[in-house]
Amino acid sequence: MSKKNEMRLVLIFFLVCLCAFIITLRLVKIQLIKGKEITQKALYQRLKLEEITPERGRILDRNGKTLAVSLPTPAVYADPSLIKDPEGTAKALAPILEMKEEELVKLLKSNSQFVWLTRKISVEKRDEINNLNLRGIRIISLPRRFYPEGELAASTIGIAGIDNQGLEGIEVTYERYLAGETGVFSVEKDPAGREIPVGFKEKTLPKDGADIYLTIDSVIQHIAEREIARAVIDSKAKSGVLIAMEPKSGEILALAQYPSFNPNDFAKYSLETRKNKAITESFEPGSTFKVFVAAAAIEEGIVTPETIVYDPAYYRIGNNYIRCSNYWGHGEETFLESLERSCNPIYAKLAAEDMDKNVLYQYIRGFGFGQKTGVDFYGEATGILSSVGNISKLGLANIGFGQGIAVTPLQLVTALSAIANGGYLPKPTLVKSYKANGQTIAKETEPKKQVISTQTAETMRMMLRSVVVNGSGKRADVPGFPVGGKTGTAQVAEKGGYSSDRVVVSFLGFAPVDDPQIVALVAIYDPQTDQNLGGLIAAPVFREFTK
């Protein structure tokens with residue numbers, strides 16, 4: 001063999017040894033260093049993960065009556081790869097599913113192994129489809145939200161969507177409590193999708209959602225809904241709200257509005273109808289706001305119920321006149337009588353002249369206006385309150401009798417609760433407790449803020465009782481259950497001014513006067529009667545609700 005050939009053999013041998021060395025290193029890396037990782041990847045390729053849906057928590061009233069619950073509901077899907085006759089299948093299904101044949105054919109011909117046909121059908125329709133024995137058509141059960149009381153407290157409870165997820169109301173506000181935690185079932189399958197008998201299996205159980213107990217009392221809620229619906233219909237009004245609260249705790253006992261909706265079929269109703277207007281919308285309160293201006297003035301020692309005031313029939317600021325409902329005015333009267341008669345000029349002057357505007361604003365904000373109450377409900381409105389630095393004297397005068405300021409019904413009820421309970425502003429709440437894993441956990445209460453003294457609160461309760469006995473609130477009184485409160489008739493703001501024929505009439509009150517157990521607001525929007533006054537339309541609703 002020549003020397004040249006020997007060199008070639010040596011080179012080939014060297015290259016072979018080098019390749020063998022590299023392959024050996026690679027095998028060592030695969031087997032020893034990355035063996036566990038590669039094995040895990042191979043396992044994951046064969047591993048199929050299936051979610052285990054937790055049971056959504058119920059929503060109940062304060063006494064344990066079920067208001068929302070998830071129930072198994074039939075749903076229909078198709079595997080188009082198994083369907084040989086899409087047109088015939090569509091023709092059989094169309095009348096049952098109430099779908100067009102063309103639409104079904106398109107779905108049944110899709111390039112997929114899974115297509116939803118409907119996620120919700122009745123048990124009767126499920127049985128009809130099963131009896132057809134159609135190839136490639138499957139029926140499964142999915143959890144769906146059901147509201148056994150229908151419209152009762154619908155705007156408060158809210159709705160859950162087709163995937164059982166909260167969309168509105170308490171359903172979305174407490175979603176993280178109600179939803180629970182999804183579980184996972186891991187199983188090893190072969191390429192054909194069959195479970196490997198001795199393969200890997202692991203199950204992480206789901207955690208079911210918590211049951212939510214509301215502060216709402218179903219009986220009180222039913223009465224509230226009945227009375228507000230009757231009032232709106234009788235007065236040919238656009239809508240109405242009735243909200244009731246326990247004044248010491250801030251627990252909301254009823255929150256009714258009309259028109260309402262059925263959450264079992266919520267898609268038929270507009271978003272406007274589904275809104276919780278007592279929490280998410282504001283309005284100008286009118287004369288009911290005089291209660292809080294009066295309380296501030298009494299607390300500051302500016303007036304007492306016996307103080308003599310003078311009503312000349314109007315209060316003038318420049319070319320602007322704020323007039324009394326009595327064309328000739330009331331002349332000399334006590335401050336108590338001015339509240340009974342609801343004299344606008346007295347309260348306009350009180351807010352614009354007699355009180356320092358910073359002090360007035362301190363009380364307005366102290367009663368919770370111009371800010372959120374902090375109620376546990378998504379989408380709460382703040383109302384409208386001009387900044388103290390930018391408000392004019394006329395603006396202050398308007399606030400004195402409830403114009404130029406917008407409040408929510410919830411803010412009004414919460415503020416009056418401070419007068420009813422001795423001077424402390426409660427934080428309103430819709431949830432009393434929740435139950436998870438067999439344990440009932442009460443919702444923590446927050447410390448109340450004192451707005452006025454106990455003495456001023458007592459004085460105001462006496463004055464508001466007098467308004468019902470001697471003033472515009474007579475029709476709100478209940479024999480044997482003395483009521484205190486104030487009527488309101490507020491023009492609706494529109495196009496930079498106020499409507500001449502559209503009003504919101506209201507009554508804000510509490511009972512019994514000596515130890516108030518309930519505070520409530522009745523507000524009727526845009527009534528169409530011969531006399532659209534709070535004392536004639538809203539006050540009787542309060543009486544019927546509380547008696």
# chains A, B, ... in the order shown; residues from 1 in each chain; ligands from 1
$ residues_around --residues "Arg226 (chain A)" --least-positions-apart "6" --cutoff "10 Å" --atoms "only C-alpha atoms" --output "PyMOL selection string"
chain A and resi 220+256-258+544-545
$ write_last_selection --atoms "N, CA and C atoms" --output "PDB file, in the first residue's frame"
ATOM      1  N   ILE A 220     -90.279  41.548  51.011  1.00  0.00           N
ATOM      2  CA  ILE A 220     -90.272  43.008  50.903  1.00  0.00           C
ATOM      3  C   ILE A 220     -90.045  43.425  49.453  1.00  0.00           C
ATOM      4  N   ALA A 256     -86.389  47.905  43.776  1.00  0.00           N
ATOM      5  CA  ALA A 256     -87.333  47.561  42.713  1.00  0.00           C
ATOM      6  C   ALA A 256     -87.392  48.664  41.672  1.00  0.00           C
ATOM      7  N   GLN A 257     -87.638  48.269  40.430  1.00  0.00           N
ATOM      8  CA  GLN A 257     -87.855  49.249  39.370  1.00  0.00           C
ATOM      9  C   GLN A 257     -88.841  48.697  38.365  1.00  0.00           C
ATOM     10  N   TYR A 258     -89.501  49.617  37.702  1.00  0.00           N
ATOM     11  CA  TYR A 258     -90.456  49.234  36.663  1.00  0.00           C
ATOM     12  C   TYR A 258     -90.303  50.203  35.499  1.00  0.00           C
ATOM     13  N   GLU A 544     -98.412  52.498  50.964  1.00  0.00           N
ATOM     14  CA  GLU A 544     -98.811  51.134  50.620  1.00  0.00           C
ATOM     15  C   GLU A 544     -97.654  50.148  50.804  1.00  0.00           C
ATOM     16  N   PHE A 545     -96.437  50.613  50.571  1.00  0.00           N
ATOM     17  CA  PHE A 545     -95.265  49.748  50.717  1.00  0.00           C
ATOM     18  C   PHE A 545     -94.982  49.423  52.180  1.00  0.00           C
TER      19      PHE A 545
END
$ select_by_dssp --residues "region 200-250 of chain A" --states "helix (DSSP H, G or I)" --output "list of chain:residue names"
A:Ser218, A:Val219, A:Ile220, A:Gln221, A:His222, A:Ile223, A:Ala224, A:Glu225, A:Arg226, A:Glu227, A:Ile228, A:Ala229, A:Arg230, A:Ala231, A:Val232, A:Ile233, A:Asp234
$ residues_around --residues "region 419-430 of chain A" --least-positions-apart "2" --cutoff "8 Å" --atoms "only C-alpha atoms" --output "PyMOL selection string"
chain A and resi 214-216+247-252+367-368+373-377+414-417+432+446-458+460-461+510+513+515-516+519
$ write_last_selection --atoms "C-alpha atoms" --output "compact mmCIF listing (two decimals), in the first residue's frame"
# COMPACT_ATOMS: atom_id res chain seq x y z
CA LEU A 214 -78.07 39.00 49.57
CA THR A 215 -79.43 41.55 52.03
CA ILE A 216 -82.59 41.60 49.89
CA PRO A 247 -80.75 52.53 58.38
CA LYS A 248 -78.40 51.24 61.06
CA SER A 249 -76.60 48.60 58.98
CA GLY A 250 -76.97 50.02 55.48
CA GLU A 251 -78.38 46.69 54.28
CA ILE A 252 -80.60 47.13 51.23
CA PHE A 367 -73.93 63.00 53.51
CA GLY A 368 -72.29 61.14 50.61
CA THR A 373 -71.33 55.24 48.21
CA GLY A 374 -69.07 52.20 47.80
CA VAL A 375 -71.97 49.77 47.44
CA ASP A 376 -70.93 46.32 46.24
CA PHE A 377 -72.37 46.69 42.74
CA THR A 414 -78.16 56.34 52.42
CA ALA A 415 -78.07 60.02 53.38
CA LEU A 416 -81.50 59.90 55.06
CA SER A 417 -80.35 56.79 56.94
CA LYS A 432 -74.93 39.86 53.71
CA GLU A 446 -67.10 49.09 57.91
CA PRO A 447 -67.17 51.76 60.64
CA LYS A 448 -69.77 54.48 60.06
CA LYS A 449 -68.85 58.15 59.72
CA GLN A 450 -70.70 60.67 61.89
CA VAL A 451 -72.19 63.47 59.78
CA ILE A 452 -74.39 65.29 62.28
CA SER A 453 -74.93 65.07 66.02
CA THR A 454 -77.49 62.77 67.60
CA GLN A 455 -79.42 65.86 68.74
CA THR A 456 -79.62 67.32 65.21
CA ALA A 457 -80.70 63.93 63.85
CA GLU A 458 -83.48 63.78 66.45
CA MET A 460 -84.69 66.47 61.90
CA ARG A 461 -86.76 63.34 62.55
CA PHE A 510 -88.56 56.48 57.19
CA VAL A 513 -90.24 57.85 63.65
CA ASP A 515 -86.97 54.11 66.17
CA PRO A 516 -86.65 53.93 62.37
CA VAL A 519 -85.74 54.14 55.06
$ residues_around --residues "Ala436 (chain A)" --least-positions-apart "5" --cutoff "9 Å" --atoms "only C-alpha atoms" --output "PyMOL selection string"
chain A and resi 57+177+208-211+441
$ closest_residue --among "A:Tyr347, A:Phe266, A:Phe369, A:Phe542" --to "Ser282 (chain A)" --atoms "only C-alpha atoms"
A:Phe369
$ select_by_dssp --residues "region 42-228 of chain A" --states "strand (DSSP E)" --output "tab-separated table (two decimals) with C-alpha atoms, in the first residue's frame"
chain	number	residue	atom	x	y	z
A	47	LEU	CA	-51.48	13.85	27.06
A	48	LYS	CA	-55.00	15.22	26.59
A	49	LEU	CA	-56.27	17.83	29.03
A	50	GLU	CA	-59.97	18.06	29.76
A	51	GLU	CA	-61.37	20.87	31.86
A	52	ILE	CA	-63.74	20.00	34.69
A	59	ILE	CA	-77.55	33.61	44.75
A	60	LEU	CA	-80.06	33.63	47.62
A	66	THR	CA	-82.87	30.72	45.93
A	67	LEU	CA	-82.85	33.52	43.35
A	68	ALA	CA	-80.24	32.17	40.91
A	69	VAL	CA	-78.95	28.63	40.38
A	70	SER	CA	-77.12	26.68	37.67
A	71	LEU	CA	-78.92	23.68	36.20
A	72	PRO	CA	-77.83	21.10	33.58
A	73	THR	CA	-79.28	22.13	30.23
A	74	PRO	CA	-79.24	20.12	26.95
A	75	ALA	CA	-76.96	21.46	24.20
A	76	VAL	CA	-76.51	20.17	20.65
A	77	TYR	CA	-73.33	19.92	18.59
A	78	ALA	CA	-72.35	18.17	15.36
A	115	VAL	CA	-69.64	22.61	15.57
A	116	TRP	CA	-72.18	24.04	18.02
A	117	LEU	CA	-75.74	23.97	16.72
A	118	THR	CA	-77.35	25.33	19.89
A	137	ILE	CA	-75.37	14.77	15.99
A	138	ARG	CA	-74.57	14.75	19.71
A	139	ILE	CA	-76.36	16.09	22.79
A	140	ILE	CA	-74.56	16.98	26.01
A	141	SER	CA	-75.53	18.74	29.25
A	142	LEU	CA	-74.05	22.14	30.07
A	143	PRO	CA	-74.61	24.19	33.23
A	144	ARG	CA	-76.95	27.11	32.54
A	145	ARG	CA	-78.14	29.87	34.85
A	146	PHE	CA	-81.77	29.72	35.91
A	159	ILE	CA	-77.49	37.94	34.37
A	160	ALA	CA	-74.98	35.24	33.40
A	166	GLY	CA	-71.53	36.78	35.05
A	167	LEU	CA	-72.36	39.71	32.77
A	168	GLU	CA	-74.38	42.16	34.86
A	183	GLY	CA	-60.46	21.47	37.54
A	184	VAL	CA	-58.36	19.48	35.05
A	185	PHE	CA	-58.38	15.79	34.03
A	186	SER	CA	-55.15	14.71	32.32
A	187	VAL	CA	-55.15	11.38	30.44
A	188	GLU	CA	-52.61	9.75	28.10
A	201	LYS	CA	-53.78	9.79	34.53
A	202	GLU	CA	-54.21	12.74	36.89
A	203	LYS	CA	-57.25	14.65	38.11
A	204	THR	CA	-57.33	18.07	39.78
A	211	ASP	CA	-73.21	30.79	47.50
A	212	ILE	CA	-73.97	34.51	47.86
A	213	TYR	CA	-76.60	35.59	50.40
A	214	LEU	CA	-78.07	39.00	49.57
$ closest_residue --among "A:Ile346, A:Ile121, A:Val505, A:Met462" --to "Gly484 (chain A)" --atoms "only C-alpha atoms"
A:Met462
$ residues_around --residues "region 487-493 of chain A" --least-positions-apart "5" --cutoff "7 Å" --atoms "only C-alpha atoms" --output "VMD selection string"
chain A and resid 284 to 288 472 to 473 498 to 499 502 to 508 533 to 535
$ write_last_selection --atoms "C-alpha atoms" --output "short mmCIF file (atom, residue, chain, number, x, y, z; two decimals), in the first residue's frame"
data_model
loop_
_atom_site.label_atom_id
_atom_site.label_comp_id
_atom_site.auth_asym_id
_atom_site.auth_seq_id
_atom_site.Cartn_x
_atom_site.Cartn_y
_atom_site.Cartn_z
CA GLU A 284 -82.05 66.13 40.23
CA PRO A 285 -83.74 65.44 43.58
CA GLY A 286 -85.81 68.59 43.98
CA SER A 287 -87.27 69.34 47.41
CA THR A 288 -86.15 66.09 49.05
CA SER A 472 -97.11 67.85 51.76
CA GLY A 473 -96.39 64.30 52.95
CA TYR A 498 -85.59 72.58 32.35
CA SER A 499 -88.62 70.92 30.83
CA ARG A 502 -91.60 66.64 32.50
CA VAL A 503 -90.87 66.01 36.19
CA VAL A 504 -89.60 63.40 38.63
CA VAL A 505 -91.90 63.08 41.64
CA SER A 506 -90.64 61.46 44.82
CA PHE A 507 -91.08 60.76 48.48
CA LEU A 508 -88.12 60.10 50.79
CA LEU A 533 -96.74 66.21 42.49
CA GLY A 534 -94.67 64.06 44.83
CA GLY A 535 -97.26 64.35 47.59
#
$ atom_distance --atom1 "CA of Lys372 (chain A)" --atom2 "CA of Leu350 (chain A)"
26.3 Å
$ residues_around --residues "region 381-397 of chain A" --least-positions-apart "4" --cutoff "6 Å" --atoms "only C-alpha atoms" --output "ChimeraX atom specification"
/A:280,282,348,351-352,370-372,405-407
$ residues_around --residues "Ala442 (chain A)" --least-positions-apart "3" --cutoff "10 Å" --atoms "only C-alpha atoms" --output "PyMOL selection string"
chain A and resi 213+431-435+439+445
$ write_last_selection --atoms "C-alpha atoms" --output "compact mmCIF listing (two decimals), in the first residue's frame"
# COMPACT_ATOMS: atom_id res chain seq x y z
CA TYR A 213 -76.60 35.59 50.40
CA VAL A 431 -74.50 41.13 50.16
CA LYS A 432 -74.93 39.86 53.71
CA SER A 433 -72.67 36.79 53.61
CA TYR A 434 -71.32 34.02 51.43
CA LYS A 435 -70.98 30.30 51.93
CA GLN A 439 -68.66 27.57 55.96
CA THR A 445 -68.97 45.82 58.14
$ closest_residue --among "A:Pro148, A:Val123, A:Asn111, A:Leu205" --to "Glu55 (chain A)" --atoms "only C-alpha atoms"
A:Leu205
$ atom_distance --atom1 "CA of Asn470 (chain A)" --atom2 "CA of Tyr321 (chain A)"
27.3 Å
$ atom_distance --atom1 "CA of Thr156 (chain A)" --atom2 "CA of Gln221 (chain A)"
10.9 Å
